[in-house]
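**Q** Input file: query-v8.csv. Contents: CSV, C-alpha atoms.
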```csv
chain,number,residue,atom,x,y,z
A,605,MET,CA,-1.7,-16.6,-19.6
A,606,ILE,CA,-5.3,-15.3,-19.2
A,607,ASN,CA,-7.0,-15.2,-22.5
A,608,SER,CA,-10.7,-14.5,-22.3
A,609,ALA,CA,-12.9,-15.8,-25.1
A,610,ILE,CA,-14.9,-12.6,-24.8
A,611,GLY,CA,-11.8,-10.4,-24.4
A,612,LYS,CA,-12.2,-6.8,-25.4
A,613,PHE,CA,-8.9,-5.4,-24.3
A,614,ASP,CA,-5.4,-6.1,-25.7
A,615,ALA,CA,-2.3,-5.2,-23.8
A,616,PHE,CA,-2.1,-1.7,-25.4
A,617,SER,CA,-5.7,-1.0,-24.3
A,618,LEU,CA,-5.0,-2.1,-20.7
A,619,LYS,CA,-2.0,0.2,-20.6
A,620,ILE,CA,-4.0,3.2,-21.7
A,621,ILE,CA,-6.7,2.4,-19.0
A,622,ALA,CA,-4.0,2.0,-16.3
A,623,LEU,CA,-2.2,5.2,-17.4
A,624,LEU,CA,-5.4,7.3,-17.3
A,625,ALA,CA,-6.2,5.9,-13.8
A,626,MET,CA,-2.7,6.7,-12.6
A,627,LEU,CA,-2.9,10.2,-14.1
A,628,ILE,CA,-6.2,10.9,-12.3
A,629,ASP,CA,-4.7,9.6,-9.1
A,630,HIS,CA,-1.6,11.7,-9.3
A,631,LEU,CA,-3.5,14.9,-10.3
A,632,GLY,CA,-5.8,14.3,-7.3
A,633,TYR,CA,-2.9,13.7,-4.9
A,634,SER,CA,-0.8,16.6,-6.0
A,635,LEU,CA,-3.2,19.3,-7.0
A,636,PHE,CA,-6.5,18.7,-5.2
A,637,GLU,CA,-5.4,17.9,-1.7
A,638,GLU,CA,-5.6,14.1,-2.0
A,639,ASN,CA,-9.1,14.0,-3.5
A,640,ILE,CA,-10.7,10.8,-2.5
A,641,VAL,CA,-12.5,10.2,-5.8
A,642,CYS,CA,-9.3,10.5,-7.7
A,643,ASP,CA,-7.6,8.2,-5.2
A,644,ILE,CA,-10.3,5.5,-5.6
A,645,ILE,CA,-10.1,5.7,-9.4
A,646,GLY,CA,-6.3,5.5,-9.2
A,647,ARG,CA,-6.4,2.2,-7.3
A,648,ILE,CA,-7.1,0.2,-10.4
A,649,ALA,CA,-3.8,1.2,-12.0
A,650,PHE,CA,-1.3,-0.8,-10.1
A,651,PRO,CA,-3.0,-4.3,-10.5
A,652,ILE,CA,-3.3,-3.7,-14.2
A,653,PHE,CA,0.4,-2.6,-14.4
A,654,SER,CA,1.3,-5.7,-12.3
A,655,PHE,CA,-0.6,-7.9,-14.7
A,656,LEU,CA,1.1,-6.4,-17.7
A,657,ILE,CA,4.6,-6.5,-16.2
A,658,VAL,CA,4.2,-10.2,-15.7
A,659,GLU,CA,2.9,-10.7,-19.3
A,660,SER,CA,5.8,-8.6,-20.6
A,661,PHE,CA,8.3,-10.7,-18.5
A,662,PHE,CA,7.0,-13.9,-20.2
A,663,TYR,CA,6.9,-12.5,-23.7
A,664,THR,CA,10.0,-10.4,-23.8
A,665,ARG,CA,12.8,-11.7,-26.1
A,666,ASP,CA,15.6,-10.6,-23.7
A,667,ARG,CA,14.8,-10.5,-20.0
A,668,LYS,CA,18.2,-8.9,-19.1
A,669,LYS,CA,17.5,-6.0,-21.5
A,670,PHE,CA,14.0,-5.7,-20.1
A,671,ILE,CA,15.5,-5.4,-16.6
A,672,ALA,CA,18.1,-2.9,-17.8
A,673,ARG,CA,15.4,-0.8,-19.5
A,674,LEU,CA,13.3,-0.8,-16.3
A,675,ALA,CA,16.3,0.2,-14.3
A,676,ILE,CA,17.1,3.2,-16.5
A,677,PHE,CA,13.6,4.5,-16.4
A,678,ALA,CA,13.3,3.9,-12.7
A,679,LEU,CA,16.4,6.1,-12.1
A,680,ILE,CA,15.1,8.7,-14.5
A,681,SER,CA,11.7,8.8,-12.8
A,682,GLU,CA,12.9,9.3,-9.2
A,683,ILE,CA,13.3,13.1,-9.2
A,684,PRO,CA,10.1,13.7,-11.2
A,685,PHE,CA,8.3,11.3,-8.7
A,686,ASP,CA,9.5,13.4,-5.8
A,687,LEU,CA,8.6,16.7,-7.3
A,688,GLY,CA,5.3,15.7,-8.9
A,689,LEU,CA,3.8,14.2,-5.8
A,690,TYR,CA,5.7,15.7,-2.8
A,691,HIS,CA,7.0,18.9,-4.4
A,692,VAL,CA,10.4,18.4,-2.7
A,693,LEU,CA,13.1,15.8,-3.0
A,694,VAL,CA,12.5,12.8,-0.7
A,695,PHE,CA,15.0,10.2,-2.0
A,696,VAL,CA,15.2,8.3,1.3
A,697,ALA,CA,11.6,8.5,2.3
A,698,HIS,CA,9.8,7.0,-0.7
A,699,GLN,CA,10.8,5.5,-4.1
A,700,ASN,CA,8.8,5.5,-7.3
A,701,VAL,CA,6.7,2.6,-8.6
A,702,MET,CA,9.1,1.9,-11.4
A,703,ILE,CA,11.6,0.7,-8.8
A,704,THR,CA,8.8,-1.5,-7.4
A,705,LEU,CA,8.3,-3.0,-10.9
A,706,LEU,CA,12.0,-3.4,-11.3
A,707,ILE,CA,12.4,-5.3,-8.1
A,708,ALA,CA,9.5,-7.5,-9.0
A,709,VAL,CA,10.9,-8.4,-12.4
A,710,ILE,CA,14.3,-9.3,-10.9
A,711,MET,CA,12.3,-11.4,-8.4
A,712,MET,CA,10.6,-13.3,-11.3
A,713,TYR,CA,14.0,-13.6,-13.1
A,714,PHE,CA,15.4,-15.6,-10.1
A,715,ALA,CA,12.2,-17.4,-9.4
A,716,GLU,CA,12.2,-18.8,-12.9
A,717,LYS,CA,15.5,-20.5,-12.2
A,718,THR,CA,13.8,-23.1,-9.9
A,719,GLN,CA,10.8,-25.4,-10.1
A,720,ASN,CA,10.7,-25.7,-6.3
A,721,MET,CA,7.7,-23.6,-5.1
A,722,PHE,CA,9.1,-23.3,-1.6
A,723,VAL,CA,12.2,-21.7,-3.0
A,724,LYS,CA,10.1,-19.4,-5.2
A,725,TYR,CA,8.3,-18.3,-2.0
A,726,LEU,CA,11.6,-17.7,-0.3
A,727,ILE,CA,12.8,-15.6,-3.2
A,728,ALA,CA,9.6,-13.6,-3.2
A,729,ALA,CA,9.9,-13.0,0.6
A,730,ALA,CA,13.5,-11.8,0.2
A,731,PHE,CA,12.4,-9.2,-2.5
A,732,CYS,CA,9.4,-8.2,-0.3
A,733,ALA,CA,11.9,-7.4,2.4
A,734,LEU,CA,14.0,-5.4,0.0
A,735,ALA,CA,11.0,-3.4,-1.2
A,736,TRP,CA,10.0,-2.6,2.4
A,737,LEU,CA,13.6,-1.7,3.3
A,738,ILE,CA,14.1,0.8,0.5
A,739,LYS,CA,10.5,2.2,0.9
A,740,CYS,CA,9.5,1.8,-2.7
A,741,ASP,CA,5.9,2.6,-3.8
A,742,TYR,CA,3.5,-0.1,-2.5
A,743,SER,CA,6.3,-1.6,-0.5
A,744,TYR,CA,6.2,-5.4,0.1
A,745,TYR,CA,2.5,-5.4,-0.8
A,746,GLY,CA,3.4,-4.5,-4.4
A,747,ILE,CA,5.8,-7.4,-4.6
A,748,ILE,CA,3.3,-9.8,-3.2
A,749,VAL,CA,0.7,-8.6,-5.8
A,750,ILE,CA,3.1,-9.2,-8.7
A,751,PHE,CA,4.1,-12.5,-7.3
A,752,ILE,CA,0.5,-13.5,-7.2
A,753,PHE,CA,0.0,-12.5,-10.8
A,754,TYR,CA,3.2,-14.4,-11.7
A,755,ILE,CA,2.3,-17.8,-10.1
A,756,LEU,CA,-1.4,-17.7,-10.9
A,757,ARG,CA,-1.4,-16.2,-14.4
A,758,ASN,CA,-3.2,-19.1,-16.0
A,759,SER,CA,-6.3,-19.0,-13.8
A,760,ILE,CA,-8.4,-15.8,-13.7
A,761,ILE,CA,-10.7,-17.1,-10.9
A,762,THR,CA,-7.9,-18.2,-8.7
A,763,LEU,CA,-6.0,-15.1,-9.4
A,764,PHE,CA,-9.0,-12.9,-8.7
A,765,THR,CA,-9.8,-14.7,-5.4
A,766,THR,CA,-6.2,-14.7,-4.2
A,767,TYR,CA,-5.6,-11.1,-5.1
A,768,SER,CA,-8.8,-10.0,-3.4
A,769,LEU,CA,-8.1,-11.9,-0.2
A,770,ALA,CA,-4.5,-10.6,-0.1
A,771,THR,CA,-5.6,-7.0,-0.6
A,772,ILE,CA,-8.3,-7.2,2.0
A,773,ALA,CA,-5.9,-8.8,4.5
A,774,ILE,CA,-3.0,-6.4,3.9
A,775,ARG,CA,-4.8,-3.2,2.9
A,776,TRP,CA,-8.1,-3.3,4.7
A,777,GLY,CA,-9.2,0.1,5.8
A,778,THR,CA,-7.5,1.8,2.9
A,779,THR,CA,-8.7,2.8,-0.6
A,780,GLN,CA,-6.6,0.0,-2.0
A,781,VAL,CA,-9.5,-2.4,-1.6
A,782,TYR,CA,-11.1,-0.6,-4.5
A,783,SER,CA,-8.3,-2.0,-6.7
A,784,ILE,CA,-10.3,-5.3,-6.9
A,785,ALA,CA,-12.4,-3.5,-9.5
A,786,SER,CA,-9.4,-3.7,-11.8
A,787,PHE,CA,-10.4,-7.3,-12.6
A,788,ALA,CA,-13.3,-5.9,-14.6
A,789,PHE,CA,-10.7,-5.0,-17.2
A,790,ILE,CA,-8.1,-7.7,-16.6
A,791,ALA,CA,-10.7,-10.5,-17.0
A,792,LEU,CA,-11.4,-9.1,-20.5
A,793,TYR,CA,-7.8,-9.4,-21.7
A,794,ASN,CA,-7.6,-11.1,-25.1
A,795,GLY,CA,-4.0,-12.1,-25.0
A,796,LYS,CA,-3.0,-9.8,-27.8
A,797,PRO,CA,-0.3,-7.1,-27.6
A,798,GLY,CA,-2.0,-4.5,-29.6
A,799,THR,CA,0.0,-1.9,-31.4
A,800,LYS,CA,3.8,-1.8,-30.7
A,801,LYS,CA,4.3,1.7,-32.2
A,802,PHE,CA,4.4,3.4,-28.9
A,803,LYS,CA,6.8,1.0,-27.1
A,804,TYR,CA,8.7,3.7,-25.2
A,805,PHE,CA,5.7,6.0,-24.7
A,806,PHE,CA,4.6,4.1,-21.7
A,807,TYR,CA,8.0,4.3,-20.1
A,808,LEU,CA,8.4,8.0,-20.8
A,809,PHE,CA,4.8,8.9,-19.8
A,810,TYR,CA,5.6,8.2,-16.1
A,811,PRO,CA,8.4,10.7,-15.5
A,812,VAL,CA,7.0,13.2,-18.0
A,813,HIS,CA,3.5,13.4,-16.6
A,814,LEU,CA,5.0,13.9,-13.1
A,815,ILE,CA,7.1,16.8,-14.3
A,816,VAL,CA,4.1,18.4,-15.9
A,817,ILE,CA,2.1,18.0,-12.7
A,818,TYR,CA,4.9,19.7,-10.8
A,819,ILE,CA,5.0,22.6,-13.2
A,820,ILE,CA,1.2,23.0,-12.9
A,821,PHE,CA,1.6,22.9,-9.1
A,822,ARG,CA,4.2,25.7,-9.2
A,823,ILE,CA,2.0,27.8,-11.4
A,824,ILE,CA,-1.2,27.6,-9.4
A,825,LYS,CA,0.0,27.3,-5.9
```
I need this file expressed as structure tokens, please.

**A**
Amino acid sequence: MINSAIGKFDAFSLKIIALLAMLIDHLGYSLFEENIVCDIIGRIAFPIFSFLIVESFFYTRDRKKFIARLAIFALISEIPFDLGLYHVLVFVAHQNVMITLLIAVIMMYFAEKTQNMFVKYLIAAAFCALAWLIKCDYSYYGIIVIFIFYILRNSIITLFTTYSLATIAIRWGTTQVYSIASFAFIALYNGKPGTKKFKYFFYLFYPVHLIVIYIIFRIIK
């Protein structure tokens, strides 16, 4: 676990930062004709969510319930995802990021059952293929990112270097390279959960904000 001696952000604070970045990104994509500034700001969201999903995986009391909870909200979010970002239902063409996170958590669940790193890599490769096959958000890149956070969670320097190299190699020429800036926040994680009063708020925020964006789109377009 990364635990900065000068950490300013607990898990709750990082979630708020990631949610705001995601909201800006989705508003720009849906309402402002894929605004580049919104897109760049939005790139910091996924690495932070990836970091937090790994932290949650290691700290949750019941991983099976954690997986079930993610699965429920992934299903709930699919129609809002389609309407909020594409304004039509596109079930086959693209799946929401909650499904990406779900696949990654299941990957970690199986990877934890072996100490053999080669087998862990094979498991990660299989779930990368699944993510690509079902066309979930961020595709195989998203699974690679979460796997990097999973295996390197105890070293911020190695994590930052590996993430940066992987992102440049896979997503060079896209705004995703700006996601490297997310480490300005991740590096200041203090290892504390923060308030737990809004546990389900973060799950609900994803589908709800997409529905609101769709309603705004229907009103102004």

**Q** Which polymer residues have any atom within 6 Å of an atom of Leu814 (chain A), counting all atoms listed in the file, with same-chain residues fewer than 3 positions away left out, as a list in words?

**A**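 Those residues are Pro684, Gly688, Pro811 and Ile817 of chain A.
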
**Q** List the neighbours of region 617-628 of chain A out to 8 Å using all atoms listed in the file; skip same-chain residues closer than 3 positions along the sequence, and give me the result as a PDB file with C-alpha atoms, in the frame of the given file.

**A**
```pdb
ATOM      1  CA  PHE A 613      -8.900  -5.400 -24.300  1.00  0.00           C
ATOM      2  CA  ASP A 614      -5.400  -6.100 -25.700  1.00  0.00           C
ATOM      3  CA  LEU A 631      -3.500  14.900 -10.300  1.00  0.00           C
ATOM      4  CA  GLY A 632      -5.800  14.300  -7.300  1.00  0.00           C
ATOM      5  CA  CYS A 642      -9.300  10.500  -7.700  1.00  0.00           C
ATOM      6  CA  ASP A 643      -7.600   8.200  -5.200  1.00  0.00           C
ATOM      7  CA  ILE A 645     -10.100   5.700  -9.400  1.00  0.00           C
ATOM      8  CA  GLY A 646      -6.300   5.500  -9.200  1.00  0.00           C
ATOM      9  CA  ARG A 647      -6.400   2.200  -7.300  1.00  0.00           C
ATOM     10  CA  ILE A 648      -7.100   0.200 -10.400  1.00  0.00           C
ATOM     11  CA  ALA A 649      -3.800   1.200 -12.000  1.00  0.00           C
ATOM     12  CA  PHE A 650      -1.300  -0.800 -10.100  1.00  0.00           C
ATOM     13  CA  ILE A 652      -3.300  -3.700 -14.200  1.00  0.00           C
ATOM     14  CA  PHE A 653       0.400  -2.600 -14.400  1.00  0.00           C
ATOM     15  CA  LEU A 656       1.100  -6.400 -17.700  1.00  0.00           C
ATOM     16  CA  PHE A 789     -10.700  -5.000 -17.200  1.00  0.00           C
ATOM     17  CA  ILE A 790      -8.100  -7.700 -16.600  1.00  0.00           C
ATOM     18  CA  TYR A 793      -7.800  -9.400 -21.700  1.00  0.00           C
ATOM     19  CA  GLY A 798      -2.000  -4.500 -29.600  1.00  0.00           C
ATOM     20  CA  PHE A 806       4.600   4.100 -21.700  1.00  0.00           C
ATOM     21  CA  HIS A 813       3.500  13.400 -16.600  1.00  0.00           C
TER      22      HIS A 813
END
```

**Q** Hey, can you check how far CA of Arg667 (chain A) sits from CA of Leu705 (chain A)?

**A**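 A separation of 13.5 Å between them.
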
**Q** So that I can see what lies close to Arg673 (chain A), please list as a list in words the residues with an atom at most 12 Å from it, counting only C-alpha atoms and leaving out residues fewer than 6 positions away in the same chain.

**A**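 Once the adjacent positions are removed, what remains is Thr664, Asp666, Arg667, Leu679, Ile680, Met702, Ile703, Leu705, Leu706, Val709, Lys803, Tyr804, Tyr807 and Leu808 of chain A.
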
**Q** Using all atoms listed in the file, which of A:Thr762, A:Thr771, A:Thr704, A:Gln699 sits nearest Tyr744 (chain A)?

**A**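 The shortest atom-to-atom distance to Tyr744 (chain A) comes from A:Thr704.
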
**Q** So how far away is CA of Ala672 (chain A) from CA of Trp736 (chain A), in Å?

**A**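 Rounded to one decimal, the two atoms are 21.8 Å apart.
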
**Q** Go through A:Asn700, A:Lys825, A:Lys669, A:Pro651 one by one, measure the shortest atom-to-atom distance of each to Phe764 (chain A) using all atoms listed in the file, and give the residue with the smallest value.

**A**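 Closest candidate: A:Pro651.
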
**Q** Rank nothing, just name the residue among A:Phe661, A:Phe714, A:Phe677, A:Tyr745 nearest to Tyr810 (chain A), using all atoms listed in the file.

**A**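 Smallest separation from Tyr810 (chain A) among the options: A:Phe677.
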
**Q** Find the spatial neighbours of region 719-725 of chain A, counting all atoms listed in the file, within a cut-off of 9 Å - ignore same-chain residues fewer than 6 positions away - and output them as a ChimeraX atom specification.

**A** /A:711-712,751

**Q** Figure out the distance between CA of Leu693 (chain A) and CA of Phe731 (chain A), please, to one decimal in Å.

**A**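 CA of Leu693 (chain A) lies 25.0 Å from CA of Phe731 (chain A).
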
**Q** Would you mind writing region 649-665 of chain A with N, CA and C atoms, as a CSV table (one decimal), in the frame of the given file?

**A**
```
chain,number,residue,atom,x,y,z
A,649,ALA,N,-5.0,1.2,-11.2
A,649,ALA,CA,-3.8,1.2,-12.0
A,649,ALA,C,-2.8,0.2,-11.7
A,650,PHE,N,-2.4,0.0,-10.4
A,650,PHE,CA,-1.3,-0.8,-10.1
A,650,PHE,C,-1.6,-2.3,-10.4
A,651,PRO,N,-2.8,-2.9,-10.1
A,651,PRO,CA,-3.0,-4.3,-10.5
A,651,PRO,C,-2.9,-4.5,-12.0
A,652,ILE,N,-3.4,-3.5,-12.8
A,652,ILE,CA,-3.3,-3.7,-14.2
A,652,ILE,C,-1.8,-3.6,-14.7
A,653,PHE,N,-1.0,-2.7,-14.1
A,653,PHE,CA,0.4,-2.6,-14.4
A,653,PHE,C,1.1,-3.9,-14.0
A,654,SER,N,0.7,-4.4,-12.8
A,654,SER,CA,1.3,-5.7,-12.3
A,654,SER,C,1.0,-6.8,-13.3
A,655,PHE,N,-0.2,-6.9,-13.7
A,655,PHE,CA,-0.6,-7.9,-14.7
A,655,PHE,C,0.2,-7.8,-15.9
A,656,LEU,N,0.3,-6.6,-16.4
A,656,LEU,CA,1.1,-6.4,-17.7
A,656,LEU,C,2.6,-6.6,-17.6
A,657,ILE,N,3.1,-6.3,-16.4
A,657,ILE,CA,4.6,-6.5,-16.2
A,657,ILE,C,4.9,-8.0,-16.2
A,658,VAL,N,4.0,-8.8,-15.7
A,658,VAL,CA,4.2,-10.2,-15.7
A,658,VAL,C,4.0,-10.7,-17.1
A,659,GLU,N,3.0,-10.3,-17.9
A,659,GLU,CA,2.9,-10.7,-19.3
A,659,GLU,C,4.1,-10.3,-20.1
A,660,SER,N,4.6,-9.1,-19.9
A,660,SER,CA,5.8,-8.6,-20.6
A,660,SER,C,7.1,-9.5,-20.2
A,661,PHE,N,7.1,-9.9,-19.0
A,661,PHE,CA,8.3,-10.7,-18.5
A,661,PHE,C,8.3,-12.1,-19.3
A,662,PHE,N,7.1,-12.6,-19.5
A,662,PHE,CA,7.0,-13.9,-20.2
A,662,PHE,C,7.2,-13.8,-21.7
A,663,TYR,N,6.9,-12.6,-22.2
A,663,TYR,CA,6.9,-12.5,-23.7
A,663,TYR,C,8.1,-11.8,-24.2
A,664,THR,N,8.9,-11.1,-23.3
A,664,THR,CA,10.0,-10.4,-23.8
A,664,THR,C,11.1,-11.3,-24.4
A,665,ARG,N,11.8,-10.9,-25.4
A,665,ARG,CA,12.8,-11.7,-26.1
A,665,ARG,C,14.1,-11.7,-25.2
```
